[in-house]
>>> print(open('work.txt').read())   # compact mmCIF, N, CA and C atoms
# COMPACT_ATOMS: atom_id res chain seq x y z
N MET A 136 127.80 118.24 97.29
CA MET A 136 127.18 117.48 98.36
C MET A 136 127.64 116.03 98.23
N GLY A 137 128.17 115.46 99.32
CA GLY A 137 128.62 114.08 99.33
C GLY A 137 127.45 113.11 99.39
N VAL A 138 127.75 111.83 99.21
CA VAL A 138 126.71 110.79 99.21
C VAL A 138 126.00 110.73 100.56
N ILE A 139 126.75 110.82 101.65
CA ILE A 139 126.15 110.74 102.98
C ILE A 139 125.28 111.98 103.23
N GLU A 140 125.80 113.14 102.85
CA GLU A 140 125.01 114.37 103.03
C GLU A 140 123.73 114.32 102.21
N LEU A 141 123.81 113.80 100.98
CA LEU A 141 122.64 113.68 100.13
C LEU A 141 121.62 112.73 100.73
N SER A 142 122.10 111.61 101.26
CA SER A 142 121.21 110.63 101.88
C SER A 142 120.49 111.22 103.09
N VAL A 143 121.21 111.96 103.91
CA VAL A 143 120.61 112.61 105.08
C VAL A 143 119.59 113.65 104.63
N PHE A 144 119.93 114.42 103.57
CA PHE A 144 119.02 115.43 103.04
C PHE A 144 117.73 114.79 102.55
N VAL A 145 117.84 113.69 101.80
CA VAL A 145 116.66 113.01 101.26
C VAL A 145 115.80 112.47 102.39
N MET A 146 116.42 111.85 103.40
CA MET A 146 115.67 111.30 104.53
C MET A 146 114.95 112.42 105.29
N GLU A 147 115.62 113.54 105.46
CA GLU A 147 115.02 114.68 106.16
C GLU A 147 113.84 115.25 105.37
N LEU A 148 114.01 115.35 104.04
CA LEU A 148 112.93 115.86 103.20
C LEU A 148 111.74 114.90 103.21
N GLU A 149 112.00 113.60 103.16
CA GLU A 149 110.92 112.61 103.24
C GLU A 149 110.16 112.75 104.56
N ARG A 150 110.90 112.94 105.66
CA ARG A 150 110.26 113.10 106.96
C ARG A 150 109.40 114.35 107.00
N LYS A 151 109.91 115.45 106.41
CA LYS A 151 109.14 116.70 106.37
C LYS A 151 107.87 116.54 105.55
N ILE A 152 107.96 115.84 104.43
CA ILE A 152 106.78 115.61 103.59
C ILE A 152 105.75 114.76 104.35
N LEU A 153 106.23 113.71 105.01
CA LEU A 153 105.31 112.87 105.79
C LEU A 153 104.66 113.64 106.92
N ASP A 154 105.43 114.49 107.60
CA ASP A 154 104.87 115.30 108.68
C ASP A 154 103.80 116.27 108.15
N ALA A 155 104.08 116.89 107.00
CA ALA A 155 103.11 117.81 106.41
C ALA A 155 101.85 117.07 105.98
N ALA A 156 102.02 115.86 105.43
CA ALA A 156 100.86 115.07 105.00
C ALA A 156 100.05 114.61 106.20
N LYS A 157 100.73 114.28 107.29
CA LYS A 157 100.04 113.84 108.51
C LYS A 157 99.25 115.00 109.13
N ALA A 158 99.79 116.20 109.04
CA ALA A 158 99.15 117.36 109.64
C ALA A 158 97.90 117.79 108.88
N SER A 159 97.84 117.46 107.61
CA SER A 159 96.69 117.84 106.78
C SER A 159 95.68 116.70 106.75
N THR A 160 94.43 117.01 107.08
CA THR A 160 93.40 115.96 107.12
C THR A 160 93.07 115.43 105.73
N GLN A 161 93.05 116.30 104.74
CA GLN A 161 92.71 115.86 103.39
C GLN A 161 93.93 115.40 102.61
N GLY A 162 95.10 115.84 102.98
CA GLY A 162 96.32 115.54 102.25
C GLY A 162 96.89 116.83 101.68
N ILE A 163 98.02 116.71 101.03
CA ILE A 163 98.69 117.88 100.46
C ILE A 163 98.39 117.92 98.97
N ASP A 164 97.88 119.04 98.49
CA ASP A 164 97.65 119.13 97.05
C ASP A 164 98.97 119.44 96.37
N GLU A 165 99.04 119.08 95.09
CA GLU A 165 100.29 119.17 94.36
C GLU A 165 100.86 120.59 94.29
N GLY A 166 100.03 121.60 94.38
CA GLY A 166 100.50 122.97 94.32
C GLY A 166 101.08 123.49 95.62
N SER A 167 100.86 122.79 96.72
CA SER A 167 101.31 123.26 98.03
C SER A 167 102.79 123.03 98.30
N PHE A 168 103.42 122.15 97.57
CA PHE A 168 104.81 121.83 97.86
C PHE A 168 105.73 123.03 97.67
N GLY A 169 105.43 123.87 96.70
CA GLY A 169 106.24 125.08 96.50
C GLY A 169 106.15 126.03 97.67
N ARG A 170 104.95 126.12 98.30
CA ARG A 170 104.78 126.98 99.47
C ARG A 170 105.38 126.37 100.72
N LEU A 171 105.27 125.03 100.85
CA LEU A 171 105.78 124.35 102.04
C LEU A 171 107.30 124.29 102.06
N PHE A 172 107.89 124.12 100.87
CA PHE A 172 109.34 123.95 100.77
C PHE A 172 109.89 124.90 99.69
N PRO A 173 109.84 126.21 99.95
CA PRO A 173 110.23 127.17 98.91
C PRO A 173 111.72 127.13 98.55
N ASP A 174 112.56 126.68 99.46
CA ASP A 174 114.00 126.68 99.20
C ASP A 174 114.52 125.36 98.65
N ILE A 175 113.62 124.42 98.34
CA ILE A 175 114.04 123.11 97.84
C ILE A 175 113.65 122.99 96.37
N ASN A 176 114.58 122.47 95.60
CA ASN A 176 114.39 122.26 94.16
C ASN A 176 113.19 121.34 93.92
N PRO A 177 112.27 121.72 93.02
CA PRO A 177 111.09 120.87 92.74
C PRO A 177 111.44 119.45 92.30
N GLN A 178 112.55 119.27 91.57
CA GLN A 178 112.95 117.92 91.16
C GLN A 178 113.29 117.05 92.36
N GLU A 179 113.88 117.65 93.39
CA GLU A 179 114.20 116.90 94.60
C GLU A 179 112.93 116.51 95.34
N ILE A 180 111.93 117.38 95.33
CA ILE A 180 110.65 117.07 95.97
C ILE A 180 109.97 115.93 95.22
N VAL A 181 109.98 115.99 93.90
CA VAL A 181 109.37 114.93 93.09
C VAL A 181 110.07 113.60 93.33
N ALA A 182 111.40 113.62 93.41
CA ALA A 182 112.16 112.39 93.67
C ALA A 182 111.79 111.80 95.03
N CYS A 183 111.62 112.65 96.03
CA CYS A 183 111.23 112.17 97.37
C CYS A 183 109.79 111.64 97.36
N LEU A 184 108.91 112.32 96.64
CA LEU A 184 107.53 111.83 96.54
C LEU A 184 107.48 110.46 95.87
N ASN A 185 108.26 110.30 94.81
CA ASN A 185 108.31 109.00 94.13
C ASN A 185 108.86 107.92 95.05
N ALA A 186 109.89 108.24 95.81
CA ALA A 186 110.46 107.27 96.76
C ALA A 186 109.44 106.89 97.82
N LEU A 187 108.70 107.87 98.33
CA LEU A 187 107.67 107.59 99.34
C LEU A 187 106.52 106.77 98.76
N LEU A 188 106.17 107.02 97.50
CA LEU A 188 105.14 106.21 96.84
C LEU A 188 105.59 104.76 96.69
N VAL A 189 106.84 104.57 96.29
CA VAL A 189 107.38 103.22 96.12
C VAL A 189 107.43 102.48 97.46
N LYS A 190 107.78 103.20 98.51
CA LYS A 190 107.84 102.60 99.85
C LYS A 190 106.45 102.36 100.43
N GLY A 191 105.43 102.93 99.80
CA GLY A 191 104.07 102.79 100.30
C GLY A 191 103.75 103.70 101.47
N ARG A 192 104.55 104.73 101.68
CA ARG A 192 104.34 105.64 102.81
C ARG A 192 103.35 106.76 102.51
N ILE A 193 103.13 107.04 101.21
CA ILE A 193 102.10 108.00 100.83
C ILE A 193 101.27 107.38 99.72
N THR A 194 100.09 107.91 99.55
CA THR A 194 99.22 107.49 98.47
C THR A 194 98.68 108.73 97.78
N THR A 195 98.23 108.57 96.55
CA THR A 195 97.69 109.70 95.80
C THR A 195 96.21 109.48 95.54
N PHE A 196 95.50 110.58 95.39
CA PHE A 196 94.11 110.52 94.96
C PHE A 196 93.77 111.84 94.31
N ARG A 197 92.75 111.81 93.47
CA ARG A 197 92.29 113.01 92.77
C ARG A 197 90.95 113.47 93.32
N ASP A 198 90.83 114.76 93.43
CA ASP A 198 89.55 115.37 93.75
C ASP A 198 89.31 116.40 92.65
N GLY A 199 88.51 116.03 91.68
CA GLY A 199 88.35 116.87 90.50
C GLY A 199 89.62 116.81 89.68
N LYS A 200 90.23 117.96 89.47
CA LYS A 200 91.47 118.01 88.70
C LYS A 200 92.71 118.11 89.58
N THR A 201 92.52 118.17 90.90
CA THR A 201 93.63 118.35 91.82
C THR A 201 94.14 117.01 92.33
N LEU A 202 95.45 116.83 92.29
CA LEU A 202 96.09 115.63 92.80
C LEU A 202 96.53 115.88 94.24
N TYR A 203 96.18 114.95 95.13
CA TYR A 203 96.54 115.06 96.55
C TYR A 203 97.44 113.91 96.95
N PHE A 204 98.29 114.18 97.94
CA PHE A 204 99.16 113.17 98.52
C PHE A 204 98.79 113.04 99.99
N ARG A 205 98.56 111.79 100.42
CA ARG A 205 98.16 111.54 101.80
C ARG A 205 99.10 110.52 102.42
N GLU A 206 99.40 110.71 103.70
CA GLU A 206 100.28 109.79 104.42
C GLU A 206 99.59 108.45 104.64
N VAL A 207 100.37 107.38 104.55
CA VAL A 207 99.90 106.05 104.89
C VAL A 207 100.60 105.65 106.17
N ALA A 208 99.83 105.20 107.16
CA ALA A 208 100.42 104.80 108.44
C ALA A 208 101.41 103.65 108.22
N GLU A 209 102.40 103.56 109.10
CA GLU A 209 103.44 102.54 108.94
C GLU A 209 102.86 101.13 108.94
N ASP A 210 101.88 100.85 109.79
CA ASP A 210 101.29 99.52 109.82
C ASP A 210 100.53 99.22 108.52
N GLU A 211 99.94 100.24 107.92
CA GLU A 211 99.29 100.07 106.62
C GLU A 211 100.33 99.83 105.53
N ALA A 212 101.45 100.55 105.60
CA ALA A 212 102.50 100.39 104.59
C ALA A 212 103.06 98.98 104.60
N VAL A 213 103.16 98.38 105.77
CA VAL A 213 103.66 97.00 105.88
C VAL A 213 102.69 96.05 105.19
N LYS A 214 101.41 96.32 105.31
CA LYS A 214 100.38 95.47 104.71
C LYS A 214 100.53 95.42 103.18
N PHE A 215 100.95 96.52 102.58
CA PHE A 215 101.05 96.60 101.13
C PHE A 215 102.46 96.37 100.60
N LYS A 216 103.38 96.04 101.48
CA LYS A 216 104.76 95.82 101.07
C LYS A 216 104.83 94.69 100.05
N GLY A 217 105.54 94.91 98.97
CA GLY A 217 105.70 93.89 97.95
C GLY A 217 104.66 93.94 96.85
N LEU A 218 103.65 94.79 96.99
CA LEU A 218 102.66 94.92 95.93
C LEU A 218 103.14 95.92 94.90
N GLY A 219 102.89 95.61 93.64
CA GLY A 219 103.27 96.50 92.55
C GLY A 219 102.21 97.54 92.28
N PRO A 220 102.47 98.42 91.33
CA PRO A 220 101.52 99.49 91.03
C PRO A 220 100.17 98.97 90.53
N ASP A 221 100.17 97.87 89.76
CA ASP A 221 98.90 97.32 89.28
C ASP A 221 98.06 96.79 90.44
N GLU A 222 98.70 96.10 91.37
CA GLU A 222 97.99 95.58 92.54
C GLU A 222 97.41 96.71 93.38
N LEU A 223 98.21 97.77 93.55
CA LEU A 223 97.74 98.91 94.34
C LEU A 223 96.59 99.63 93.64
N THR A 224 96.65 99.71 92.31
CA THR A 224 95.57 100.33 91.56
C THR A 224 94.27 99.56 91.76
N ILE A 225 94.33 98.24 91.63
CA ILE A 225 93.14 97.41 91.82
C ILE A 225 92.63 97.55 93.25
N TYR A 226 93.53 97.54 94.23
CA TYR A 226 93.13 97.70 95.62
C TYR A 226 92.41 99.04 95.82
N GLN A 227 92.97 100.11 95.26
CA GLN A 227 92.36 101.43 95.43
C GLN A 227 91.00 101.51 94.76
N LEU A 228 90.84 100.86 93.60
CA LEU A 228 89.52 100.84 92.96
C LEU A 228 88.50 100.12 93.84
N ILE A 229 88.91 99.02 94.45
CA ILE A 229 88.02 98.30 95.36
C ILE A 229 87.72 99.15 96.59
N GLU A 230 88.74 99.83 97.08
CA GLU A 230 88.56 100.69 98.25
C GLU A 230 87.57 101.82 97.96
N HIS A 231 87.64 102.39 96.76
CA HIS A 231 86.74 103.49 96.40
C HIS A 231 85.30 103.02 96.18
N SER A 232 85.11 101.72 95.97
CA SER A 232 83.74 101.21 95.80
C SER A 232 83.02 101.13 97.14
N GLN A 233 83.75 101.31 98.22
CA GLN A 233 83.26 101.32 99.60
C GLN A 233 82.46 100.06 99.91
N ASN A 234 81.30 100.18 100.51
CA ASN A 234 80.56 99.00 100.93
C ASN A 234 79.67 98.42 99.83
N ILE A 235 79.70 98.99 98.63
CA ILE A 235 78.92 98.48 97.51
C ILE A 235 79.65 97.31 96.85
N GLY A 236 80.97 97.39 96.81
CA GLY A 236 81.75 96.38 96.11
C GLY A 236 81.87 96.72 94.64
N ILE A 237 82.72 96.00 93.94
CA ILE A 237 82.94 96.25 92.52
C ILE A 237 83.13 94.94 91.80
N TRP A 238 82.57 94.83 90.64
CA TRP A 238 82.62 93.64 89.81
C TRP A 238 83.96 93.58 89.08
N SER A 239 84.47 92.39 88.80
CA SER A 239 85.77 92.25 88.15
C SER A 239 85.80 92.90 86.77
N LYS A 240 84.69 92.88 86.06
CA LYS A 240 84.65 93.53 84.74
C LYS A 240 84.83 95.04 84.88
N ASP A 241 84.25 95.62 85.92
CA ASP A 241 84.44 97.05 86.17
C ASP A 241 85.88 97.36 86.54
N LEU A 242 86.50 96.45 87.29
CA LEU A 242 87.92 96.63 87.63
C LEU A 242 88.77 96.63 86.36
N LYS A 243 88.47 95.72 85.45
CA LYS A 243 89.21 95.64 84.18
C LYS A 243 89.04 96.93 83.39
N THR A 244 87.81 97.41 83.31
CA THR A 244 87.52 98.62 82.54
C THR A 244 88.20 99.85 83.14
N LYS A 245 88.07 100.01 84.46
CA LYS A 245 88.61 101.20 85.11
C LYS A 245 90.13 101.19 85.20
N SER A 246 90.73 100.01 85.30
CA SER A 246 92.19 99.94 85.43
C SER A 246 92.89 99.89 84.08
N GLY A 247 92.18 99.43 83.05
CA GLY A 247 92.80 99.30 81.74
C GLY A 247 93.69 98.07 81.61
N LEU A 248 93.60 97.15 82.57
CA LEU A 248 94.42 95.94 82.55
C LEU A 248 93.66 94.80 81.89
N GLN A 249 94.41 93.80 81.42
CA GLN A 249 93.82 92.61 80.81
C GLN A 249 93.08 91.78 81.85
N THR A 250 92.07 91.04 81.40
CA THR A 250 91.25 90.23 82.30
C THR A 250 92.07 89.23 83.09
N THR A 251 93.00 88.54 82.41
CA THR A 251 93.82 87.53 83.12
C THR A 251 94.69 88.18 84.18
N HIS A 252 95.22 89.34 83.87
CA HIS A 252 96.07 90.05 84.83
C HIS A 252 95.25 90.49 86.05
N VAL A 253 94.05 90.99 85.79
CA VAL A 253 93.16 91.41 86.88
C VAL A 253 92.83 90.20 87.75
N SER A 254 92.56 89.05 87.13
CA SER A 254 92.23 87.84 87.89
C SER A 254 93.39 87.42 88.78
N LYS A 255 94.61 87.48 88.27
CA LYS A 255 95.79 87.13 89.07
C LYS A 255 95.97 88.10 90.24
N ILE A 256 95.76 89.37 89.97
CA ILE A 256 95.89 90.38 91.03
C ILE A 256 94.84 90.15 92.10
N LEU A 257 93.61 89.87 91.70
CA LEU A 257 92.54 89.61 92.67
C LEU A 257 92.88 88.40 93.52
N ALA A 258 93.43 87.35 92.91
CA ALA A 258 93.83 86.16 93.67
C ALA A 258 94.92 86.50 94.68
N THR A 259 95.88 87.32 94.27
CA THR A 259 96.96 87.74 95.17
C THR A 259 96.40 88.54 96.35
N LEU A 260 95.54 89.49 96.06
CA LEU A 260 94.97 90.32 97.12
C LEU A 260 94.09 89.50 98.06
N GLU A 261 93.36 88.53 97.51
CA GLU A 261 92.55 87.64 98.35
C GLU A 261 93.42 86.77 99.24
N SER A 262 94.51 86.23 98.68
CA SER A 262 95.37 85.36 99.47
C SER A 262 96.05 86.11 100.61
N ARG A 263 96.29 87.41 100.42
CA ARG A 263 96.87 88.23 101.48
C ARG A 263 95.80 88.79 102.42
N LYS A 264 94.55 88.43 102.16
CA LYS A 264 93.40 88.84 102.97
C LYS A 264 93.21 90.37 103.00
N LEU A 265 93.57 91.01 101.88
CA LEU A 265 93.35 92.45 101.77
C LEU A 265 91.96 92.75 101.23
N ILE A 266 91.41 91.82 100.45
CA ILE A 266 90.07 91.96 99.90
C ILE A 266 89.31 90.65 100.10
N LYS A 267 87.99 90.71 99.85
CA LYS A 267 87.20 89.48 99.90
C LYS A 267 86.23 89.48 98.73
N ARG A 268 85.91 88.28 98.28
CA ARG A 268 84.96 88.09 97.18
C ARG A 268 83.63 87.67 97.80
N VAL A 269 82.58 88.36 97.41
CA VAL A 269 81.25 88.04 97.93
C VAL A 269 80.27 87.92 96.76
N PRO A 270 79.24 87.09 96.92
CA PRO A 270 78.24 86.97 95.85
C PRO A 270 77.45 88.27 95.71
N SER A 271 77.12 88.60 94.49
CA SER A 271 76.37 89.81 94.22
C SER A 271 74.89 89.59 94.49
N ILE A 272 74.23 90.61 94.93
CA ILE A 272 72.79 90.54 95.16
C ILE A 272 72.05 90.59 93.82
N SER A 273 72.61 91.35 92.87
CA SER A 273 71.91 91.56 91.60
C SER A 273 72.00 90.38 90.62
N GLY A 274 73.03 89.57 90.73
CA GLY A 274 73.19 88.45 89.80
C GLY A 274 73.77 87.25 90.50
N LYS A 275 73.19 86.08 90.25
CA LYS A 275 73.64 84.90 91.01
C LYS A 275 75.05 84.46 90.65
N ASN A 276 75.49 84.71 89.42
CA ASN A 276 76.82 84.28 89.00
C ASN A 276 77.87 85.39 89.13
N LYS A 277 77.45 86.57 89.48
CA LYS A 277 78.40 87.69 89.61
C LYS A 277 79.02 87.69 90.99
N LYS A 278 80.30 87.96 91.03
CA LYS A 278 81.03 88.12 92.29
C LYS A 278 81.53 89.55 92.36
N VAL A 279 81.35 90.18 93.50
CA VAL A 279 81.88 91.53 93.70
C VAL A 279 83.00 91.45 94.74
N TYR A 280 83.89 92.41 94.66
CA TYR A 280 85.04 92.45 95.56
C TYR A 280 84.92 93.64 96.48
N MET A 281 85.24 93.40 97.76
CA MET A 281 85.13 94.44 98.79
C MET A 281 86.36 94.35 99.70
N LEU A 282 86.53 95.37 100.51
CA LEU A 282 87.60 95.32 101.51
C LEU A 282 87.14 94.51 102.70
>>> encode(input="work.txt", output="structure tokens")
Amino acid sequence: MGVIELSVFVMELERKILDAAKASTQGIDEGSFGRLFPDINPQEIVACLNALLVKGRITTFRDGKTLYFREVAEDEAVKFKGLGPDELTIYQLIEHSQNIGIWSKDLKTKSGLQTTHVSKILATLESRKLIKRVPSISGKNKKVYML
């Protein structure tokens, strides 16, 4: 397979994965790729999934022990362009806290990142207006982060 043929193949596989993810309301579980694409090498599927994750076109989440892949709309992908994996992890933790919000110490604990790194990430996300810092109801000096 030539370079151009390989590039077209990868783009076509990425499009098929995105279409399958869009068609599924919950997302595609990791075991479904073999059924959806039986004639494609699993390493090629993994490479395409990694490329889509890097581009921000899909996101992952766990439900129990099952890993799911869900499509991210193009306008959402643009919003997260340039963010690294640590920033996306912090964003997803804040997103999962829903309307309750999450304290920076909890972000540090759940992400496993250093406090200074979490603080820098929070500042970056705030400056891009992806998150907001609000005073906590439970403690006057505590700040929680929300979408």
>>> atom_distance(input="work.txt", atom1="atom C of Ile229 in chain A", atom2="CA of Val181 in chain A")
27.0 Å
>>> axis_aligned_box(input="work.txt", around="range 242-250 of chain A", padding_each_side="8 Å", output="JSON")
{"center_x": 90.5, "center_y": 95.2, "center_z": 84.2, "size_x": 23.9, "size_y": 28.0, "size_z": 22.8}
>>> atom_distance(input="work.txt", atom1="atom N of Leu260 in chain A", atom2="atom N of Ala212 in chain A")
15.8 Å
>>> atom_distance(input="work.txt", atom1="CA of Ala182 in chain A", atom2="atom C of Phe168 in chain A")
13.1 Å
>>> closest_atom_pairs(input="work.txt", of="range 231-256 of chain A", to="range 214-226 of chain A", cutoff="8 Å", atoms="all atoms listed in the file", output="JSON lines")
{"residue": "A:His231", "atom": "N", "partner": "A:Tyr226", "partner_atom": "C", "distance": 5.9}
{"residue": "A:Ser232", "atom": "N", "partner": "A:Tyr226", "partner_atom": "C", "distance": 7.8}
{"residue": "A:Leu242", "atom": "CA", "partner": "A:Ile225", "partner_atom": "CA", "distance": 6.7}
{"residue": "A:Lys245", "atom": "C", "partner": "A:Thr224", "partner_atom": "C", "distance": 7.9}
{"residue": "A:Ser246", "atom": "CA", "partner": "A:Thr224", "partner_atom": "C", "distance": 6.7}
{"residue": "A:Val253", "atom": "CA", "partner": "A:Ile225", "partner_atom": "CA", "distance": 7.8}
{"residue": "A:Ile256", "atom": "CA", "partner": "A:Glu222", "partner_atom": "CA", "distance": 5.8}
>>> write_last_selection(input="work.txt", atoms="N, CA and C atoms", output="PDB file, in the coordinates of the input")
ATOM      1  N   HIS A 231      87.640 102.390  96.760  1.00  0.00           N
ATOM      2  CA  HIS A 231      86.740 103.490  96.400  1.00  0.00           C
ATOM      3  C   HIS A 231      85.300 103.020  96.180  1.00  0.00           C
ATOM      4  N   SER A 232      85.110 101.720  95.970  1.00  0.00           N
ATOM      5  CA  SER A 232      83.740 101.210  95.800  1.00  0.00           C
ATOM      6  C   SER A 232      83.020 101.130  97.140  1.00  0.00           C
ATOM      7  N   LEU A 242      86.500  96.450  87.290  1.00  0.00           N
ATOM      8  CA  LEU A 242      87.920  96.630  87.630  1.00  0.00           C
ATOM      9  C   LEU A 242      88.770  96.630  86.360  1.00  0.00           C
ATOM     10  N   LYS A 245      88.070 100.010  84.460  1.00  0.00           N
ATOM     11  CA  LYS A 245      88.610 101.200  85.110  1.00  0.00           C
ATOM     12  C   LYS A 245      90.130 101.190  85.200  1.00  0.00           C
ATOM     13  N   SER A 246      90.730 100.010  85.300  1.00  0.00           N
ATOM     14  CA  SER A 246      92.190  99.940  85.430  1.00  0.00           C
ATOM     15  C   SER A 246      92.890  99.890  84.080  1.00  0.00           C
ATOM     16  N   VAL A 253      94.050  90.990  85.790  1.00  0.00           N
ATOM     17  CA  VAL A 253      93.160  91.410  86.880  1.00  0.00           C
ATOM     18  C   VAL A 253      92.830  90.200  87.750  1.00  0.00           C
ATOM     19  N   ILE A 256      95.760  89.370  89.970  1.00  0.00           N
ATOM     20  CA  ILE A 256      95.890  90.380  91.030  1.00  0.00           C
ATOM     21  C   ILE A 256      94.840  90.150  92.100  1.00  0.00           C
TER      22      ILE A 256
END
>>> select_by_dssp(input="work.txt", residues="range 185-223 of chain A", states="strand (DSSP E)", output="CSV table (one decimal) with N, CA and C atoms, in the coordinates of the input")
chain,number,residue,atom,x,y,z
A,193,ILE,N,103.1,107.0,101.2
A,193,ILE,CA,102.1,108.0,100.8
A,193,ILE,C,101.3,107.4,99.7
A,194,THR,N,100.1,107.9,99.6
A,194,THR,CA,99.2,107.5,98.5
A,194,THR,C,98.7,108.7,97.8
A,195,THR,N,98.2,108.6,96.6
A,195,THR,CA,97.7,109.7,95.8
A,195,THR,C,96.2,109.5,95.5
A,196,PHE,N,95.5,110.6,95.4
A,196,PHE,CA,94.1,110.5,95.0
A,196,PHE,C,93.8,111.8,94.3
A,197,ARG,N,92.8,111.8,93.5
A,197,ARG,CA,92.3,113.0,92.8
A,197,ARG,C,91.0,113.5,93.3
A,198,ASP,N,90.8,114.8,93.4
A,198,ASP,CA,89.6,115.4,93.8
A,198,ASP,C,89.3,116.4,92.6
A,201,THR,N,92.5,118.2,90.9
A,201,THR,CA,93.6,118.4,91.8
A,201,THR,C,94.1,117.0,92.3
A,202,LEU,N,95.4,116.8,92.3
A,202,LEU,CA,96.1,115.6,92.8
A,202,LEU,C,96.5,115.9,94.2
A,203,TYR,N,96.2,115.0,95.1
A,203,TYR,CA,96.5,115.1,96.6
A,203,TYR,C,97.4,113.9,97.0
A,204,PHE,N,98.3,114.2,97.9
A,204,PHE,CA,99.2,113.2,98.5
A,204,PHE,C,98.8,113.0,100.0
A,205,ARG,N,98.6,111.8,100.4
A,205,ARG,CA,98.2,111.5,101.8
A,205,ARG,C,99.1,110.5,102.4
A,206,GLU,N,99.4,110.7,103.7
A,206,GLU,CA,100.3,109.8,104.4
A,206,GLU,C,99.6,108.4,104.6
>>> closest_residue(input="work.txt", among="A:Lys190, A:Arg197, A:Lys240, A:Arg268", to="Gly162 in chain A", atoms="only C-alpha atoms")
A:Arg197
>>> closest_residue(input="work.txt", among="A:Gly166, A:Gly274, A:Gly247, A:Gly199", to="Ile180 in chain A", atoms="only C-alpha atoms")
A:Gly166
>>> closest_residue(input="work.txt", among="A:Leu171, A:Leu202, A:Ile235, A:Leu228", to="Ser273 in chain A", atoms="only C-alpha atoms")
A:Ile235
>>> closest_residue(input="work.txt", among="A:Glu165, A:Asp241, A:Glu149, A:Asp154", to="Tyr203 in chain A", atoms="all atoms listed in the file")
A:Glu165
>>> residues_around(input="work.txt", residues="Thr195 in chain A", least_positions_apart="3", cutoff="12 Å", atoms="only C-alpha atoms", output="ChimeraX atom specification")
/A:156,161-165,184-185,187-189,191-192,198,201-207,220,223-224,227
>>> select_by_dssp(input="work.txt", residues="range 146-231 of chain A", states="alpha helix (DSSP H)", output="VMD selection string")
chain A and resid 146 to 158 168 to 171 177 to 190 209 to 214 220 to 231
>>> residues_around(input="work.txt", residues="Gln233 in chain A", least_positions_apart="3", cutoff="6.5 Å", atoms="only N, CA and C atoms", output="PyMOL selection string")
chain A and resi 229-230+236+281-282
>>> closest_residue(input="work.txt", among="A:Leu148, A:Gln249, A:Thr244, A:Ile193", to="Pro177 in chain A", atoms="only C-alpha atoms")
A:Leu148
>>> decode(input="work.txt", residues="range 145-158 of chain A", atoms="N, CA and C atoms", output="PDB file, in the first residue's frame")
ATOM      1  N   VAL A 145      -6.803   5.569   6.018  1.00  0.00           N
ATOM      2  CA  VAL A 145      -6.908   6.066   7.395  1.00  0.00           C
ATOM      3  C   VAL A 145      -8.031   7.081   7.497  1.00  0.00           C
ATOM      4  N   MET A 146      -8.127   8.006   6.545  1.00  0.00           N
ATOM      5  CA  MET A 146      -9.183   9.018   6.569  1.00  0.00           C
ATOM      6  C   MET A 146     -10.562   8.366   6.459  1.00  0.00           C
ATOM      7  N   GLU A 147     -10.674   7.356   5.623  1.00  0.00           N
ATOM      8  CA  GLU A 147     -11.945   6.648   5.449  1.00  0.00           C
ATOM      9  C   GLU A 147     -12.326   5.894   6.729  1.00  0.00           C
ATOM     10  N   LEU A 148     -11.338   5.256   7.363  1.00  0.00           N
ATOM     11  CA  LEU A 148     -11.601   4.540   8.604  1.00  0.00           C
ATOM     12  C   LEU A 148     -11.993   5.512   9.717  1.00  0.00           C
ATOM     13  N   GLU A 149     -11.326   6.654   9.799  1.00  0.00           N
ATOM     14  CA  GLU A 149     -11.692   7.671  10.790  1.00  0.00           C
ATOM     15  C   GLU A 149     -13.129   8.139  10.577  1.00  0.00           C
ATOM     16  N   ARG A 150     -13.507   8.352   9.312  1.00  0.00           N
ATOM     17  CA  ARG A 150     -14.871   8.783   9.010  1.00  0.00           C
ATOM     18  C   ARG A 150     -15.881   7.716   9.416  1.00  0.00           C
ATOM     19  N   LYS A 151     -15.555   6.441   9.154  1.00  0.00           N
ATOM     20  CA  LYS A 151     -16.457   5.347   9.530  1.00  0.00           C
ATOM     21  C   LYS A 151     -16.609   5.256  11.048  1.00  0.00           C
ATOM     22  N   ILE A 152     -15.524   5.438  11.772  1.00  0.00           N
ATOM     23  CA  ILE A 152     -15.580   5.396  13.240  1.00  0.00           C
ATOM     24  C   ILE A 152     -16.434   6.553  13.758  1.00  0.00           C
ATOM     25  N   LEU A 153     -16.226   7.747  13.200  1.00  0.00           N
ATOM     26  CA  LEU A 153     -17.028   8.899  13.624  1.00  0.00           C
ATOM     27  C   LEU A 153     -18.506   8.702  13.314  1.00  0.00           C
ATOM     28  N   ASP A 154     -18.808   8.148  12.141  1.00  0.00           N
ATOM     29  CA  ASP A 154     -20.202   7.881  11.782  1.00  0.00           C
ATOM     30  C   ASP A 154     -20.841   6.873  12.741  1.00  0.00           C
ATOM     31  N   ALA A 155     -20.090   5.821  13.079  1.00  0.00           N
ATOM     32  CA  ALA A 155     -20.611   4.815  14.011  1.00  0.00           C
ATOM     33  C   ALA A 155     -20.824   5.417  15.395  1.00  0.00           C
ATOM     34  N   ALA A 156     -19.898   6.275  15.827  1.00  0.00           N
ATOM     35  CA  ALA A 156     -20.023   6.917  17.140  1.00  0.00           C
ATOM     36  C   ALA A 156     -21.203   7.886  17.155  1.00  0.00           C
ATOM     37  N   LYS A 157     -21.415   8.570  16.043  1.00  0.00           N
ATOM     38  CA  LYS A 157     -22.536   9.518  15.948  1.00  0.00           C
ATOM     39  C   LYS A 157     -23.873   8.776  15.974  1.00  0.00           C
ATOM     40  N   ALA A 158     -23.916   7.605  15.363  1.00  0.00           N
ATOM     41  CA  ALA A 158     -25.149   6.837  15.290  1.00  0.00           C
ATOM     42  C   ALA A 158     -25.549   6.236  16.634  1.00  0.00           C
TER      43      ALA A 158
END
